[in-house]
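Here is the file target-v2.txt (compact mmCIF, N, CA, C and O atoms).
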```txt
# COMPACT_ATOMS: atom_id res chain seq x y z
N MET A 1 38.02 247.69 70.45
CA MET A 1 38.06 246.26 70.41
C MET A 1 39.51 245.81 70.45
O MET A 1 40.30 246.19 69.62
N GLU A 2 39.88 245.00 71.42
CA GLU A 2 41.23 244.49 71.56
C GLU A 2 41.33 243.13 70.87
O GLU A 2 40.39 242.34 70.92
N HIS A 3 42.45 242.86 70.21
CA HIS A 3 42.68 241.59 69.56
C HIS A 3 43.92 240.95 70.17
O HIS A 3 44.86 241.63 70.53
N ALA A 4 43.94 239.62 70.24
CA ALA A 4 45.13 238.91 70.70
C ALA A 4 46.17 238.97 69.60
O ALA A 4 45.85 238.87 68.42
N ILE A 5 47.43 239.16 69.99
CA ILE A 5 48.51 239.20 69.02
C ILE A 5 49.61 238.26 69.47
O ILE A 5 49.75 237.99 70.65
N GLU A 6 50.37 237.76 68.51
CA GLU A 6 51.53 236.95 68.83
C GLU A 6 52.75 237.83 68.78
O GLU A 6 52.90 238.66 67.89
N ILE A 7 53.64 237.65 69.77
CA ILE A 7 54.86 238.47 69.87
C ILE A 7 56.06 237.57 69.62
O ILE A 7 56.13 236.46 70.14
N ASN A 8 57.03 238.05 68.83
CA ASN A 8 58.22 237.25 68.60
C ASN A 8 59.28 237.55 69.66
O ASN A 8 59.03 238.28 70.61
N ALA A 9 60.47 236.98 69.51
CA ALA A 9 61.51 237.05 70.55
C ALA A 9 61.95 238.47 70.88
O ALA A 9 62.32 238.76 72.01
N ASP A 10 61.93 239.38 69.91
CA ASP A 10 62.37 240.75 70.19
C ASP A 10 61.22 241.66 70.60
O ASP A 10 61.30 242.87 70.51
N ASP A 11 60.10 241.06 71.04
CA ASP A 11 58.93 241.79 71.55
C ASP A 11 58.17 242.56 70.48
O ASP A 11 57.42 243.46 70.78
N ARG A 12 58.38 242.21 69.21
CA ARG A 12 57.62 242.83 68.13
C ARG A 12 56.54 241.86 67.67
O ARG A 12 56.74 240.65 67.68
N PRO A 13 55.40 242.36 67.22
CA PRO A 13 54.33 241.48 66.77
C PRO A 13 54.75 240.69 65.53
O PRO A 13 55.47 241.19 64.68
N LEU A 14 54.28 239.44 65.45
CA LEU A 14 54.50 238.64 64.26
C LEU A 14 53.65 239.20 63.12
O LEU A 14 52.58 239.76 63.35
N GLU A 15 54.11 239.02 61.91
CA GLU A 15 53.40 239.53 60.73
C GLU A 15 52.09 238.77 60.58
O GLU A 15 52.07 237.57 60.37
N ALA A 16 50.97 239.47 60.69
CA ALA A 16 49.65 238.84 60.58
C ALA A 16 48.72 239.74 59.78
O ALA A 16 47.57 239.92 60.11
N ARG A 17 49.25 240.31 58.72
CA ARG A 17 48.45 241.24 57.92
C ARG A 17 48.65 240.96 56.45
O ARG A 17 49.57 240.26 56.05
N ASP A 18 47.78 241.53 55.61
CA ASP A 18 47.83 241.30 54.16
C ASP A 18 49.06 241.95 53.52
O ASP A 18 49.63 241.40 52.60
N GLN A 19 49.43 243.13 53.95
CA GLN A 19 50.54 243.86 53.35
C GLN A 19 51.69 243.96 54.34
O GLN A 19 51.48 244.27 55.50
N THR A 20 52.89 243.69 53.86
CA THR A 20 54.06 243.80 54.72
C THR A 20 54.35 245.27 54.99
O THR A 20 54.32 246.09 54.07
N ARG A 21 54.60 245.58 56.24
CA ARG A 21 54.95 246.95 56.58
C ARG A 21 56.44 247.17 56.41
O ARG A 21 57.24 246.28 56.65
N ARG A 22 56.81 248.36 56.00
CA ARG A 22 58.21 248.72 55.85
C ARG A 22 58.65 249.49 57.08
O ARG A 22 57.93 250.36 57.57
N ARG A 23 59.84 249.16 57.57
CA ARG A 23 60.37 249.87 58.73
C ARG A 23 60.59 251.33 58.37
O ARG A 23 61.02 251.66 57.28
N THR A 24 60.28 252.18 59.32
CA THR A 24 60.46 253.62 59.14
C THR A 24 60.72 254.23 60.50
O THR A 24 60.59 253.57 61.52
N LEU A 25 61.08 255.45 60.52
CA LEU A 25 61.25 256.17 61.77
C LEU A 25 60.77 257.59 61.53
O LEU A 25 61.56 258.50 61.29
N LYS A 26 59.45 257.74 61.53
CA LYS A 26 58.84 259.03 61.26
C LYS A 26 58.17 259.56 62.52
O LYS A 26 57.77 258.81 63.38
N SER A 27 58.05 260.86 62.56
CA SER A 27 57.29 261.50 63.64
C SER A 27 55.83 261.56 63.23
O SER A 27 55.50 261.70 62.05
N GLY A 28 54.97 261.48 64.22
CA GLY A 28 53.55 261.58 63.95
C GLY A 28 52.82 262.15 65.15
O GLY A 28 53.41 262.35 66.22
N ARG A 29 51.55 262.40 64.95
CA ARG A 29 50.69 262.90 66.04
C ARG A 29 49.34 262.22 65.96
O ARG A 29 48.71 262.21 64.91
N ILE A 30 48.91 261.68 67.09
CA ILE A 30 47.53 261.21 67.20
C ILE A 30 46.68 262.45 67.45
O ILE A 30 47.00 263.27 68.31
N GLU A 31 45.62 262.58 66.66
CA GLU A 31 44.74 263.75 66.78
C GLU A 31 43.42 263.30 67.40
O GLU A 31 42.79 262.37 66.93
N LEU A 32 43.03 264.00 68.45
CA LEU A 32 41.80 263.70 69.17
C LEU A 32 40.85 264.88 69.12
O LEU A 32 41.28 266.03 68.99
N LYS A 33 39.57 264.61 69.27
CA LYS A 33 38.55 265.65 69.42
C LYS A 33 38.67 266.74 68.36
O LYS A 33 38.92 267.90 68.66
N ASN A 34 38.50 266.33 67.10
CA ASN A 34 38.54 267.28 65.98
C ASN A 34 39.83 268.08 65.95
O ASN A 34 39.81 269.29 65.72
N GLN A 35 40.95 267.44 66.21
CA GLN A 35 42.29 268.02 66.13
C GLN A 35 42.57 269.07 67.20
O GLN A 35 43.50 269.85 67.07
N THR A 36 41.78 269.10 68.27
CA THR A 36 42.04 270.08 69.33
C THR A 36 43.06 269.57 70.34
O THR A 36 43.64 270.35 71.06
N SER A 37 43.27 268.24 70.38
CA SER A 37 44.27 267.64 71.26
C SER A 37 45.14 266.71 70.43
O SER A 37 44.64 265.99 69.57
N THR A 38 46.45 266.71 70.69
CA THR A 38 47.35 265.82 69.96
C THR A 38 48.30 265.13 70.93
O THR A 38 48.63 265.66 71.99
N ILE A 39 48.75 263.93 70.53
CA ILE A 39 49.72 263.14 71.28
C ILE A 39 50.84 262.80 70.30
O ILE A 39 50.58 262.20 69.25
N ASP A 40 52.08 263.14 70.61
CA ASP A 40 53.22 262.83 69.76
C ASP A 40 53.52 261.33 69.80
O ASP A 40 53.48 260.71 70.86
N VAL A 41 53.83 260.76 68.62
CA VAL A 41 54.19 259.35 68.51
C VAL A 41 55.36 259.20 67.54
O VAL A 41 55.65 260.11 66.76
N THR A 42 56.00 258.04 67.59
CA THR A 42 56.98 257.66 66.58
C THR A 42 56.35 256.55 65.76
O THR A 42 55.77 255.61 66.31
N ILE A 43 56.45 256.64 64.44
CA ILE A 43 55.92 255.62 63.55
C ILE A 43 57.07 254.68 63.22
O ILE A 43 58.03 255.09 62.57
N ARG A 44 56.98 253.44 63.70
CA ARG A 44 58.09 252.47 63.56
C ARG A 44 58.04 251.69 62.26
O ARG A 44 59.07 251.31 61.73
N ASP A 45 56.84 251.37 61.77
CA ASP A 45 56.71 250.78 60.45
C ASP A 45 55.36 251.13 59.89
O ASP A 45 54.46 251.56 60.61
N MET A 46 55.25 250.99 58.56
CA MET A 46 54.05 251.51 57.90
C MET A 46 53.84 250.78 56.57
O MET A 46 54.80 250.39 55.91
N SER A 47 52.56 250.61 56.20
CA SER A 47 52.19 250.08 54.89
C SER A 47 51.06 250.96 54.36
O SER A 47 50.67 251.94 55.01
N LEU A 48 50.52 250.60 53.23
CA LEU A 48 49.38 251.35 52.69
C LEU A 48 48.14 251.17 53.55
O LEU A 48 47.24 251.99 53.52
N SER A 49 48.10 250.09 54.36
CA SER A 49 46.88 249.80 55.11
C SER A 49 46.99 250.03 56.62
O SER A 49 45.99 249.96 57.32
N GLY A 50 48.21 250.32 57.15
CA GLY A 50 48.31 250.52 58.59
C GLY A 50 49.71 250.86 59.04
O GLY A 50 50.61 251.07 58.23
N ALA A 51 49.89 250.92 60.38
CA ALA A 51 51.18 251.33 60.93
C ALA A 51 51.34 250.80 62.35
O ALA A 51 50.37 250.42 63.01
N LEU A 52 52.60 250.79 62.79
CA LEU A 52 52.94 250.50 64.17
C LEU A 52 53.41 251.80 64.81
O LEU A 52 54.36 252.42 64.34
N LEU A 53 52.70 252.23 65.84
CA LEU A 53 53.02 253.48 66.53
C LEU A 53 53.70 253.17 67.85
O LEU A 53 53.36 252.20 68.53
N LEU A 54 54.64 254.02 68.23
CA LEU A 54 55.30 253.91 69.51
C LEU A 54 54.98 255.17 70.31
O LEU A 54 55.33 256.28 69.91
N LEU A 55 54.27 254.99 71.42
CA LEU A 55 53.91 256.10 72.29
C LEU A 55 55.08 256.44 73.20
O LEU A 55 55.88 255.57 73.53
N LYS A 56 55.17 257.67 73.64
CA LYS A 56 56.23 258.07 74.57
C LYS A 56 55.97 257.52 75.98
O LYS A 56 56.89 257.25 76.72
N ASP A 57 54.70 257.41 76.36
CA ASP A 57 54.29 256.88 77.66
C ASP A 57 53.14 255.91 77.45
O ASP A 57 52.45 255.97 76.43
N ILE A 58 52.90 255.05 78.43
CA ILE A 58 51.76 254.16 78.34
C ILE A 58 50.48 254.99 78.45
O ILE A 58 50.30 255.76 79.39
N TRP A 59 49.64 254.84 77.46
CA TRP A 59 48.39 255.57 77.38
C TRP A 59 47.48 254.77 76.46
O TRP A 59 47.95 254.14 75.51
N THR A 60 46.21 254.74 76.72
CA THR A 60 45.28 253.97 75.91
C THR A 60 44.53 254.90 74.95
O THR A 60 43.66 255.66 75.38
N PRO A 61 44.89 254.86 73.66
CA PRO A 61 44.17 255.68 72.68
C PRO A 61 42.75 255.17 72.48
O PRO A 61 42.46 254.00 72.77
N PRO A 62 41.87 256.02 71.98
CA PRO A 62 40.51 255.57 71.69
C PRO A 62 40.51 254.57 70.53
O PRO A 62 41.52 254.39 69.85
N ALA A 63 39.38 253.92 70.30
CA ALA A 63 39.26 252.92 69.24
C ALA A 63 39.51 253.52 67.85
O ALA A 63 40.09 252.87 66.98
N GLU A 64 39.10 254.75 67.63
CA GLU A 64 39.33 255.44 66.36
C GLU A 64 39.90 256.82 66.63
O GLU A 64 39.51 257.49 67.58
N PHE A 65 40.84 257.22 65.79
CA PHE A 65 41.47 258.54 65.93
C PHE A 65 42.15 258.93 64.62
O PHE A 65 42.27 258.11 63.70
N GLY A 66 42.58 260.16 64.54
CA GLY A 66 43.33 260.64 63.38
C GLY A 66 44.82 260.50 63.63
O GLY A 66 45.28 260.58 64.78
N LEU A 67 45.59 260.28 62.56
CA LEU A 67 47.04 260.22 62.65
C LEU A 67 47.62 261.17 61.62
O LEU A 67 47.32 261.07 60.44
N LEU A 68 48.43 262.09 62.09
CA LEU A 68 49.13 263.01 61.21
C LEU A 68 50.56 262.51 61.09
O LEU A 68 51.27 262.37 62.09
N VAL A 69 50.99 262.18 59.87
CA VAL A 69 52.34 261.68 59.60
C VAL A 69 53.17 262.86 59.10
O VAL A 69 52.84 263.48 58.10
N LEU A 70 54.25 263.16 59.82
CA LEU A 70 55.10 264.29 59.48
C LEU A 70 56.30 263.79 58.68
O LEU A 70 56.98 262.86 59.10
N ASN A 71 56.57 264.40 57.53
CA ASN A 71 57.71 264.02 56.71
C ASN A 71 58.73 265.14 56.75
O ASN A 71 58.56 266.17 56.10
N SER A 72 59.80 264.94 57.51
CA SER A 72 60.80 266.00 57.68
C SER A 72 61.63 266.23 56.43
O SER A 72 62.24 267.27 56.27
N ASN A 73 61.66 265.26 55.50
CA ASN A 73 62.44 265.41 54.28
C ASN A 73 61.86 266.44 53.32
O ASN A 73 62.59 267.22 52.72
N ASN A 74 60.54 266.44 53.17
CA ASN A 74 59.93 267.36 52.21
C ASN A 74 58.93 268.33 52.84
O ASN A 74 58.34 269.14 52.15
N GLY A 75 58.73 268.23 54.14
CA GLY A 75 57.83 269.14 54.83
C GLY A 75 56.35 268.84 54.63
O GLY A 75 55.50 269.54 55.17
N LYS A 76 56.02 267.82 53.86
CA LYS A 76 54.61 267.47 53.62
C LYS A 76 54.10 266.58 54.75
O LYS A 76 54.85 265.90 55.42
N THR A 77 52.81 266.59 54.93
CA THR A 77 52.17 265.75 55.94
C THR A 77 51.10 264.89 55.28
O THR A 77 50.56 265.24 54.23
N GLN A 78 50.81 263.77 55.92
CA GLN A 78 49.70 262.91 55.51
C GLN A 78 48.77 262.76 56.69
O GLN A 78 49.23 262.69 57.82
N ARG A 79 47.49 262.70 56.43
CA ARG A 79 46.52 262.51 57.51
C ARG A 79 45.73 261.23 57.22
O ARG A 79 45.28 261.02 56.10
N HIS A 80 45.63 260.37 58.23
CA HIS A 80 44.91 259.10 58.11
C HIS A 80 43.90 259.00 59.24
O HIS A 80 44.19 259.37 60.38
N SER A 81 42.74 258.44 58.94
CA SER A 81 41.81 258.01 59.97
C SER A 81 42.20 256.59 60.34
O SER A 81 42.45 255.76 59.46
N CYS A 82 42.30 256.30 61.65
CA CYS A 82 42.84 255.01 62.10
C CYS A 82 41.87 254.27 63.00
O CYS A 82 41.12 254.88 63.76
N LEU A 83 41.98 252.95 62.95
CA LEU A 83 41.30 252.05 63.86
C LEU A 83 42.37 251.34 64.66
O LEU A 83 43.27 250.72 64.08
N LYS A 84 42.32 251.44 65.99
CA LYS A 84 43.28 250.73 66.83
C LYS A 84 42.94 249.24 66.77
O LYS A 84 41.84 248.83 67.10
N VAL A 85 43.93 248.43 66.35
CA VAL A 85 43.73 246.99 66.22
C VAL A 85 44.24 246.26 67.45
O VAL A 85 43.64 245.31 67.92
N TRP A 86 45.38 246.71 68.01
CA TRP A 86 45.95 246.09 69.19
C TRP A 86 46.85 247.09 69.90
O TRP A 86 47.25 248.10 69.33
N GLN A 87 47.16 246.77 71.16
CA GLN A 87 48.10 247.57 71.94
C GLN A 87 48.82 246.66 72.93
O GLN A 87 48.21 245.82 73.56
N LYS A 88 50.13 246.85 73.03
CA LYS A 88 50.93 246.16 74.04
C LYS A 88 51.88 247.21 74.62
O LYS A 88 52.83 247.62 73.96
N GLY A 89 51.60 247.66 75.82
CA GLY A 89 52.42 248.71 76.44
C GLY A 89 52.36 249.98 75.62
O GLY A 89 51.30 250.54 75.41
N THR A 90 53.53 250.41 75.13
CA THR A 90 53.59 251.65 74.36
C THR A 90 53.51 251.42 72.85
O THR A 90 53.57 252.37 72.08
N MET A 91 53.35 250.15 72.42
CA MET A 91 53.20 249.84 70.99
C MET A 91 51.71 249.73 70.65
O MET A 91 50.95 249.06 71.35
N VAL A 92 51.32 250.39 69.54
CA VAL A 92 49.94 250.37 69.09
C VAL A 92 49.92 250.06 67.61
O VAL A 92 50.55 250.75 66.81
N GLY A 93 49.18 249.01 67.24
CA GLY A 93 49.00 248.67 65.84
C GLY A 93 47.68 249.27 65.35
O GLY A 93 46.65 249.12 66.00
N VAL A 94 47.74 249.96 64.20
CA VAL A 94 46.53 250.60 63.67
C VAL A 94 46.32 250.19 62.23
O VAL A 94 47.25 249.87 61.50
N ARG A 95 45.06 250.19 61.83
CA ARG A 95 44.65 250.00 60.44
C ARG A 95 44.10 251.33 59.95
O ARG A 95 43.32 251.99 60.65
N PHE A 96 44.50 251.72 58.74
CA PHE A 96 43.98 252.95 58.17
C PHE A 96 42.56 252.70 57.63
O PHE A 96 42.31 251.70 56.97
N LEU A 97 41.68 253.61 57.94
CA LEU A 97 40.30 253.53 57.45
C LEU A 97 40.22 254.28 56.12
O LEU A 97 40.86 255.31 55.96
N VAL A 98 39.42 253.76 55.21
CA VAL A 98 39.32 254.40 53.89
C VAL A 98 38.08 255.23 53.81
O VAL A 98 37.09 254.98 54.36
```
Would you give me this structure, written as structure tokens?
Amino acid sequence: MEHAIEINADDRPLEARDQTRRRTLKSGRIELKNQTSTIDVTIRDMSLSGALLLLKDIWTPPAEFGLLVLNSNNGKTQRHSCLKVWQKGTMVGVRFLV
């Protein structure tokens, strides 16, 4: 399901969520088909309820997928089930499913 989003002057989405996301620059992987296929992404900002992903190339992710967040500082990873909320080019906004 695609949603309309408002974009500000620097081509980033306007804040339209309950929790403010914090800017970050983490590596991540979209996991498809029970983790048998992965797509590398950069996580540009993140909150407890979602994230902004930056794809390396234009590609349309499925409506739901897994996201593996890699933390290079401590070597730990986090895994989230995600719902794609919007996409503009290589930017994808996701909500974490509980």
Exercise for the section: For Lys56 (chain A), list every protein, DNA or RNA residue within 6 Å, evaluated using all atoms listed in the file, and leave out those in the same chain fewer than 3 positions away; present the list as a ChimeraX atom specification. Expected result: /A:40-41,90
Give me a file of those residues, with N, CA, C and O atoms, as an mmCIF file, in the coordinates of the input.
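That gives us again_36.cif:
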```cif
data_model
loop_
_atom_site.group_PDB
_atom_site.id
_atom_site.type_symbol
_atom_site.label_atom_id
_atom_site.label_comp_id
_atom_site.auth_asym_id
_atom_site.auth_seq_id
_atom_site.Cartn_x
_atom_site.Cartn_y
_atom_site.Cartn_z
ATOM 1 N N ASP A 40 52.080 263.140 70.610
ATOM 2 C CA ASP A 40 53.220 262.830 69.760
ATOM 3 C C ASP A 40 53.520 261.330 69.800
ATOM 4 O O ASP A 40 53.480 260.710 70.860
ATOM 5 N N VAL A 41 53.830 260.760 68.620
ATOM 6 C CA VAL A 41 54.190 259.350 68.510
ATOM 7 C C VAL A 41 55.360 259.200 67.540
ATOM 8 O O VAL A 41 55.650 260.110 66.760
ATOM 9 N N THR A 90 53.530 250.410 75.130
ATOM 10 C CA THR A 90 53.590 251.650 74.360
ATOM 11 C C THR A 90 53.510 251.420 72.850
ATOM 12 O O THR A 90 53.570 252.370 72.080
#
```
Worksheet item: CA of Leu55 (chain A) to CA of His80 (chain A): how many Å, to one decimal?
Response: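 A separation of 17.1 Å between them.
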- Item | Top pick for closest residue to Thr60 (chain A), considering A:Arg23, A:Arg95, A:Gln87, A:Glu31 and counting only C-alpha atoms |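 Closest candidate: A:Gln87.
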Using only N, CA, C and O atoms, the best pick from A:Asn71, A:Ser47, A:Thr77, A:Thr42 as closest to Ile30 (chain A) would be A:Thr42
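Each of A:Ile58, A:Asn73, A:Leu25, A:Leu67 was compared to Gly89 (chain A) using all atoms listed in the file, and A:Ile58 turns out to be the nearest.
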Review point. Mind pulling up the distance from atom O of Cys82 (chain A) to atom N of Gly50 (chain A)?
Key: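 Computed distance, atom N of Gly50 (chain A) to atom O of Cys82 (chain A), equals 10.7 Å.
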Counting all atoms listed in the file, the residue among A:Ser72, A:Lys84, A:Val98, A:Gly66 that lies closest to Ile39 (chain A) is A:Gly66
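The residue set within 4.5 Å of Ser81 (chain A), counting all atoms listed in the file and dropping same-chain residues fewer than 4 places from it, reads Phe65, Arg95, Phe96 and Leu97 of chain A.
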